[in-house]
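Trainee: File work-v2.txt follows (compact mmCIF, C-alpha atoms):
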# COMPACT_ATOMS: atom_id res chain seq x y z
CA MET A 112 -74.00 115.32 -25.83
CA ALA A 113 -76.05 117.50 -23.52
CA CYS A 114 -76.27 116.43 -19.90
CA ILE A 115 -79.89 116.90 -18.89
CA LEU A 116 -81.59 115.91 -15.65
CA THR A 117 -85.03 114.40 -16.20
CA SER A 118 -86.61 113.84 -12.78
CA ASN A 119 -86.87 115.19 -9.28
CA GLN A 120 -85.45 113.11 -6.44
CA GLY A 121 -87.21 113.30 -3.10
CA LYS A 122 -85.64 112.23 0.16
CA GLY A 123 -87.49 108.92 0.00
CA CYS A 124 -88.90 106.78 2.77
CA LEU A 125 -87.06 105.29 5.73
CA ASN A 126 -87.72 101.72 4.61
CA ALA A 127 -84.48 100.72 2.85
CA VAL A 128 -81.97 98.39 4.45
CA ALA A 129 -78.33 97.89 3.59
CA GLY A 130 -76.42 94.72 2.93
CA VAL A 131 -76.20 91.82 0.53
CA LYS A 132 -78.06 88.51 0.83
CA LYS A 133 -76.48 86.44 -1.93
CA ALA A 134 -74.18 86.55 -4.94
CA TRP A 135 -74.09 84.72 -8.25
CA ILE A 136 -70.73 84.69 -9.99
CA TYR A 137 -70.06 83.89 -13.64
CA LYS A 138 -67.12 83.89 -16.03
CA HIS A 139 -67.31 87.27 -17.78
CA SER A 140 -66.65 85.79 -21.23
CA ASP A 141 -69.70 83.45 -20.90
CA VAL A 142 -72.12 86.35 -21.47
CA ASP A 143 -72.74 87.59 -25.01
CA GLN A 144 -73.12 91.33 -24.48
CA ALA A 145 -74.06 91.97 -28.12
CA ALA A 146 -77.04 89.58 -27.79
CA SER A 147 -78.03 90.69 -24.28
CA THR A 148 -80.49 93.56 -23.80
CA ILE A 149 -80.35 96.63 -21.57
CA VAL A 150 -83.38 98.91 -21.29
CA ALA A 151 -83.38 102.06 -19.14
CA GLY A 152 -80.53 100.87 -16.89
CA GLU A 153 -81.84 97.31 -16.47
CA VAL A 154 -80.53 94.10 -18.03
CA THR A 155 -83.71 92.56 -19.45
CA ALA A 156 -82.08 89.67 -21.34
CA LEU A 157 -78.81 87.98 -20.36
CA THR A 158 -77.64 85.83 -23.25
CA LEU A 159 -74.82 83.30 -23.18
CA VAL A 160 -72.14 82.90 -25.84
CA SER A 161 -72.55 79.86 -28.11
CA ALA A 162 -70.09 77.75 -26.09
CA PRO A 163 -70.13 78.87 -22.42
CA SER A 164 -67.88 77.21 -19.84
CA SER A 165 -71.00 75.55 -18.38
CA ALA A 166 -74.61 75.15 -19.56
CA THR A 167 -75.63 76.91 -16.33
CA PRO A 168 -72.69 79.26 -15.70
CA LEU A 169 -73.94 81.28 -12.71
CA PHE A 170 -72.74 79.87 -9.39
CA ALA A 171 -74.36 80.92 -6.10
CA TYR A 172 -72.21 82.15 -3.23
CA GLU A 173 -73.92 82.51 0.15
CA PHE A 174 -72.62 84.19 3.28
CA PHE A 175 -73.77 85.36 6.68
CA SER A 176 -75.77 88.59 6.91
CA GLU A 177 -74.01 91.91 7.23
CA THR A 178 -70.73 90.62 5.79
CA ALA A 179 -70.85 91.27 2.01
CA LEU A 180 -70.57 94.51 0.08
CA GLY A 181 -71.15 95.81 -3.43
CA GLU A 182 -70.00 99.33 -4.26
CA ALA A 183 -69.69 101.53 -7.34
CA THR A 184 -67.68 104.73 -7.10
CA SER A 185 -67.49 107.32 -9.87
CA THR A 186 -64.28 109.00 -10.98
CA THR A 187 -64.36 112.09 -13.18
CA SER A 188 -61.56 113.93 -14.95
CA LYS A 189 -62.56 117.45 -15.94
CA ALA A 190 -59.34 117.86 -17.90
CA ASN A 191 -60.03 114.74 -19.99
CA GLY A 192 -63.84 115.01 -19.99
CA THR A 193 -64.22 111.43 -18.74
CA THR A 194 -66.20 109.62 -16.08
CA PHE A 195 -66.06 105.95 -15.18
CA TRP A 196 -67.18 103.73 -12.31
CA GLU A 197 -65.06 101.47 -10.12
CA ASP A 198 -67.12 98.40 -9.17
CA THR A 199 -66.06 96.57 -6.02
CA VAL A 200 -67.54 93.37 -4.59
CA SER A 201 -66.26 91.74 -1.40
CA PHE A 202 -67.58 88.93 0.74
CA PRO A 203 -66.37 86.28 3.19
CA ILE A 204 -66.52 82.52 2.89
CA ALA A 205 -66.35 80.84 6.29
CA GLN A 206 -63.99 77.96 7.14
CA LEU A 207 -60.76 77.14 5.36
CA ASN A 208 -60.99 73.91 3.38
CA THR A 209 -59.43 72.35 0.30
CA ALA A 210 -62.56 72.33 -1.89
CA THR A 211 -63.16 76.05 -1.38
CA GLN A 212 -59.47 76.79 -1.85
CA LEU A 213 -59.52 75.08 -5.27
CA GLU A 214 -62.71 76.91 -6.30
CA LEU A 215 -61.30 80.28 -5.26
CA GLN A 216 -58.09 79.58 -7.18
CA SER A 217 -60.24 79.54 -10.34
CA LEU A 218 -62.21 82.64 -9.31
CA VAL A 219 -59.16 84.80 -8.59
CA THR A 220 -57.49 83.97 -11.92
CA MET A 221 -60.44 84.79 -14.22
CA GLU A 222 -62.46 87.84 -15.17
CA SER A 223 -65.90 87.53 -13.64
CA GLY A 224 -69.25 89.22 -13.38
CA VAL A 225 -71.27 89.25 -10.16
CA ILE A 226 -74.99 89.58 -9.56
CA LEU A 227 -75.82 90.66 -6.01
CA GLU A 228 -79.17 90.40 -4.28
CA ASP A 229 -79.49 93.19 -1.74
CA ASN A 230 -81.59 93.17 1.42
CA ASN A 231 -84.30 95.17 -0.37
CA GLY A 232 -84.90 92.28 -2.78
CA LEU A 233 -83.21 94.06 -5.70
CA TYR A 234 -80.57 92.54 -7.97
CA TRP A 235 -77.50 94.39 -9.32
CA ILE A 236 -74.93 93.23 -11.85
CA TYR A 237 -71.32 94.31 -11.24
CA GLY A 238 -68.60 94.07 -13.88
CA TYR A 239 -71.10 93.69 -16.72
CA ALA A 240 -69.15 95.52 -19.46
CA ASN A 241 -65.51 94.87 -18.57
CA GLY A 242 -65.53 92.22 -15.86
CA LEU A 243 -64.10 92.11 -12.37
CA THR A 244 -60.69 90.77 -11.39
CA ASN A 245 -59.13 89.68 -8.13
CA ASN A 246 -58.25 92.57 -5.85
CA GLY A 247 -56.56 90.88 -2.91
CA THR A 248 -58.52 87.78 -1.92
CA LYS A 249 -57.27 86.54 1.44
CA ALA A 250 -57.21 83.24 3.35
CA SER A 251 -56.90 83.53 7.13
CA THR A 252 -56.71 81.08 10.01
CA GLY A 253 -57.54 83.80 12.54
CA THR A 254 -55.72 84.20 15.85
CA ALA A 255 -58.23 83.93 18.70
CA LEU A 256 -60.96 81.28 18.88
CA GLY A 257 -63.61 83.85 17.94
CA ASP A 258 -61.72 85.20 14.91
CA ALA A 259 -62.78 84.54 11.35
CA ASN A 260 -61.41 81.35 9.84
CA GLY A 261 -61.90 81.42 6.11
CA TYR A 262 -61.58 83.57 3.03
CA THR A 263 -62.31 87.16 2.11
CA VAL A 264 -62.97 87.54 -1.61
CA ALA A 265 -62.30 90.96 -3.15
CA LEU A 266 -63.09 91.69 -6.81
CA SER A 267 -62.99 95.01 -8.67
CA GLY A 268 -63.10 96.53 -12.13
CA SER A 269 -63.69 99.72 -14.08
CA GLU A 270 -67.00 100.17 -15.87
CA PRO A 271 -68.44 102.84 -18.16
CA VAL A 272 -71.66 103.10 -16.10
CA MET A 273 -72.82 102.21 -12.58
CA PRO A 274 -74.11 98.65 -12.02
CA TYR A 275 -77.26 97.75 -13.92
CA SER A 276 -80.30 96.33 -12.18
CA ILE A 277 -81.45 92.88 -13.29
CA LEU A 278 -84.59 90.89 -12.46
CA LEU A 279 -84.28 87.43 -10.94
CA ALA A 280 -86.36 85.97 -13.78
CA THR A 281 -83.77 87.26 -16.28
CA PHE A 282 -81.03 84.95 -14.98
CA THR A 283 -82.81 82.14 -13.05
CA GLY A 284 -82.43 79.68 -15.92
CA LEU A 285 -78.65 80.24 -15.98
CA VAL A 286 -78.05 79.36 -12.32
CA ASN A 287 -76.09 76.20 -11.55
CA VAL A 288 -78.02 74.15 -9.00
What would you get if you wrote out this structure as structure tokens?
Mentor:
Amino acid sequence: MACILTSNQGKGCLNAVAGVKKAWIYKHSDVDQAASTIVAGEVTALTLVSAPSSATPLFAYEFFSETALGEATSTTSKANGTTFWEDTVSFPIAQLNTATQLELQSLVTMESGVILEDNNGLYWIYGYANGLTNNGTKASTGTALGDANGYTVALSGSEPVMPYSILLATFTGLVNV
């Protein structure tokens, strides 16, 4: 396969902002990848398997601004002729409590996919092909009164390509409300 560039990339405008607004998390096995559609790097149809774990399997996770992160880092082996992407998603959940503890126990023991809304109003799906797994989720009481009291969720996984974009309308009907 020939590797061919197809477009110029200018330096862009100074109007982008960093950060994540919100996340939607789902059980990776609830999405039927064979029936879903990807066109030009964008998931245009997200289809559920015939018996998903919930009729609306995407669960919203909200957090304070400037605290969550989605990253994709490429790794290439010249010797093996391979390239893959390491997807990482991390975010805090404020305040230790039993209900959240029980929910996170489920999250850290399953393979998941995560859709992130960034501060530019764009949506990205991490762990689409292979899923994300727990990568050191932490519960902390904090030490000083001003320290964080809560959880830090860390998920990661290896993917064949960088995260796909996805439109809100593509997954709105799958969100648990």
Trainee: Please report the interatomic distance between CA of Gly238 (chain A) and CA of Asp198 (chain A) in Å with one decimal.
Mentor: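 Pair CA of Gly238 (chain A) / CA of Asp198 (chain A) returns 6.6 Å.
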Trainee: Please, what distance in Å, to one decimal, runs between CA of Ala145 (chain A) and CA of Asn241 (chain A)?
Mentor: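 It comes out at 13.1 Å.
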Trainee: One decimal, Å: what's the distance from CA of Ala240 (chain A) over to CA of Val142 (chain A), could you say?
Mentor: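 Computing the Euclidean distance for CA of Ala240 (chain A) and CA of Val142 (chain A) yields 9.8 Å.
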Trainee: Skipping near chain neighbours, those fewer than 6 positions away, what residues fall within 12 Å of region 185-189 of chain A using all atoms listed in the file, listed as a VMD selection string?
Mentor: chain A and resid 195 to 199 268 to 274
Trainee: Between A:Thr252, A:Asn191, A:Ser276, A:Thr184, single out the one closest to Asn208 (chain A), counting all atoms listed in the file.
Mentor: A:Thr252
Trainee: Around all the atoms of region 189-203 of chain A listed in the file, draw an axis-aligned box and extend it by 6 Å on each of the six sides; I want its centre and edge lengths in Å to one decimal, as AutoDock Vina command-line options.
Mentor:
--center_x -63.5 --center_y 102.1 --center_z -8.4 --size_x 20.2 --size_y 43.6 --size_z 35.2
Trainee: Using all atoms listed in the file, list the residues that have an atom at most 10 Å from (-81.1, 97.6, -6.7), coordinates as in the file, as a ChimeraX atom specification.
Mentor: /A:153,227-236,274-278
Trainee: Using only C-alpha atoms, which protein or nucleic acid residues come within 8 Å of Asn260 (chain A)? Drop anything in the same chain fewer than 4 positions from it, and give the result as a short mmCIF file (atom, residue, chain, number, x, y, z; two decimals) with C-alpha atoms, in the coordinates of the input.
Mentor:
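Below is the file around.cif, written as the result:
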data_model
loop_
_atom_site.label_atom_id
_atom_site.label_comp_id
_atom_site.auth_asym_id
_atom_site.auth_seq_id
_atom_site.Cartn_x
_atom_site.Cartn_y
_atom_site.Cartn_z
CA ALA A 205 -66.35 80.84 6.29
CA GLN A 206 -63.99 77.96 7.14
CA LEU A 207 -60.76 77.14 5.36
CA ALA A 250 -57.21 83.24 3.35
CA SER A 251 -56.90 83.53 7.13
CA THR A 252 -56.71 81.08 10.01
CA GLY A 253 -57.54 83.80 12.54
#
Trainee: With only C-alpha atoms as the atoms that count, which of A:Ser223, A:Cys124, A:Gly257, A:Thr209 lies nearest to Thr244 (chain A)?
Mentor: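 Of the candidates, the smallest distance to Thr244 (chain A) is held by A:Ser223.
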Trainee: Nearest to Phe175 (chain A) among A:Ser267, A:Thr254, A:Gly123, A:Ala259, with distances taken over only C-alpha atoms: which residue is it?
Mentor: A:Ala259
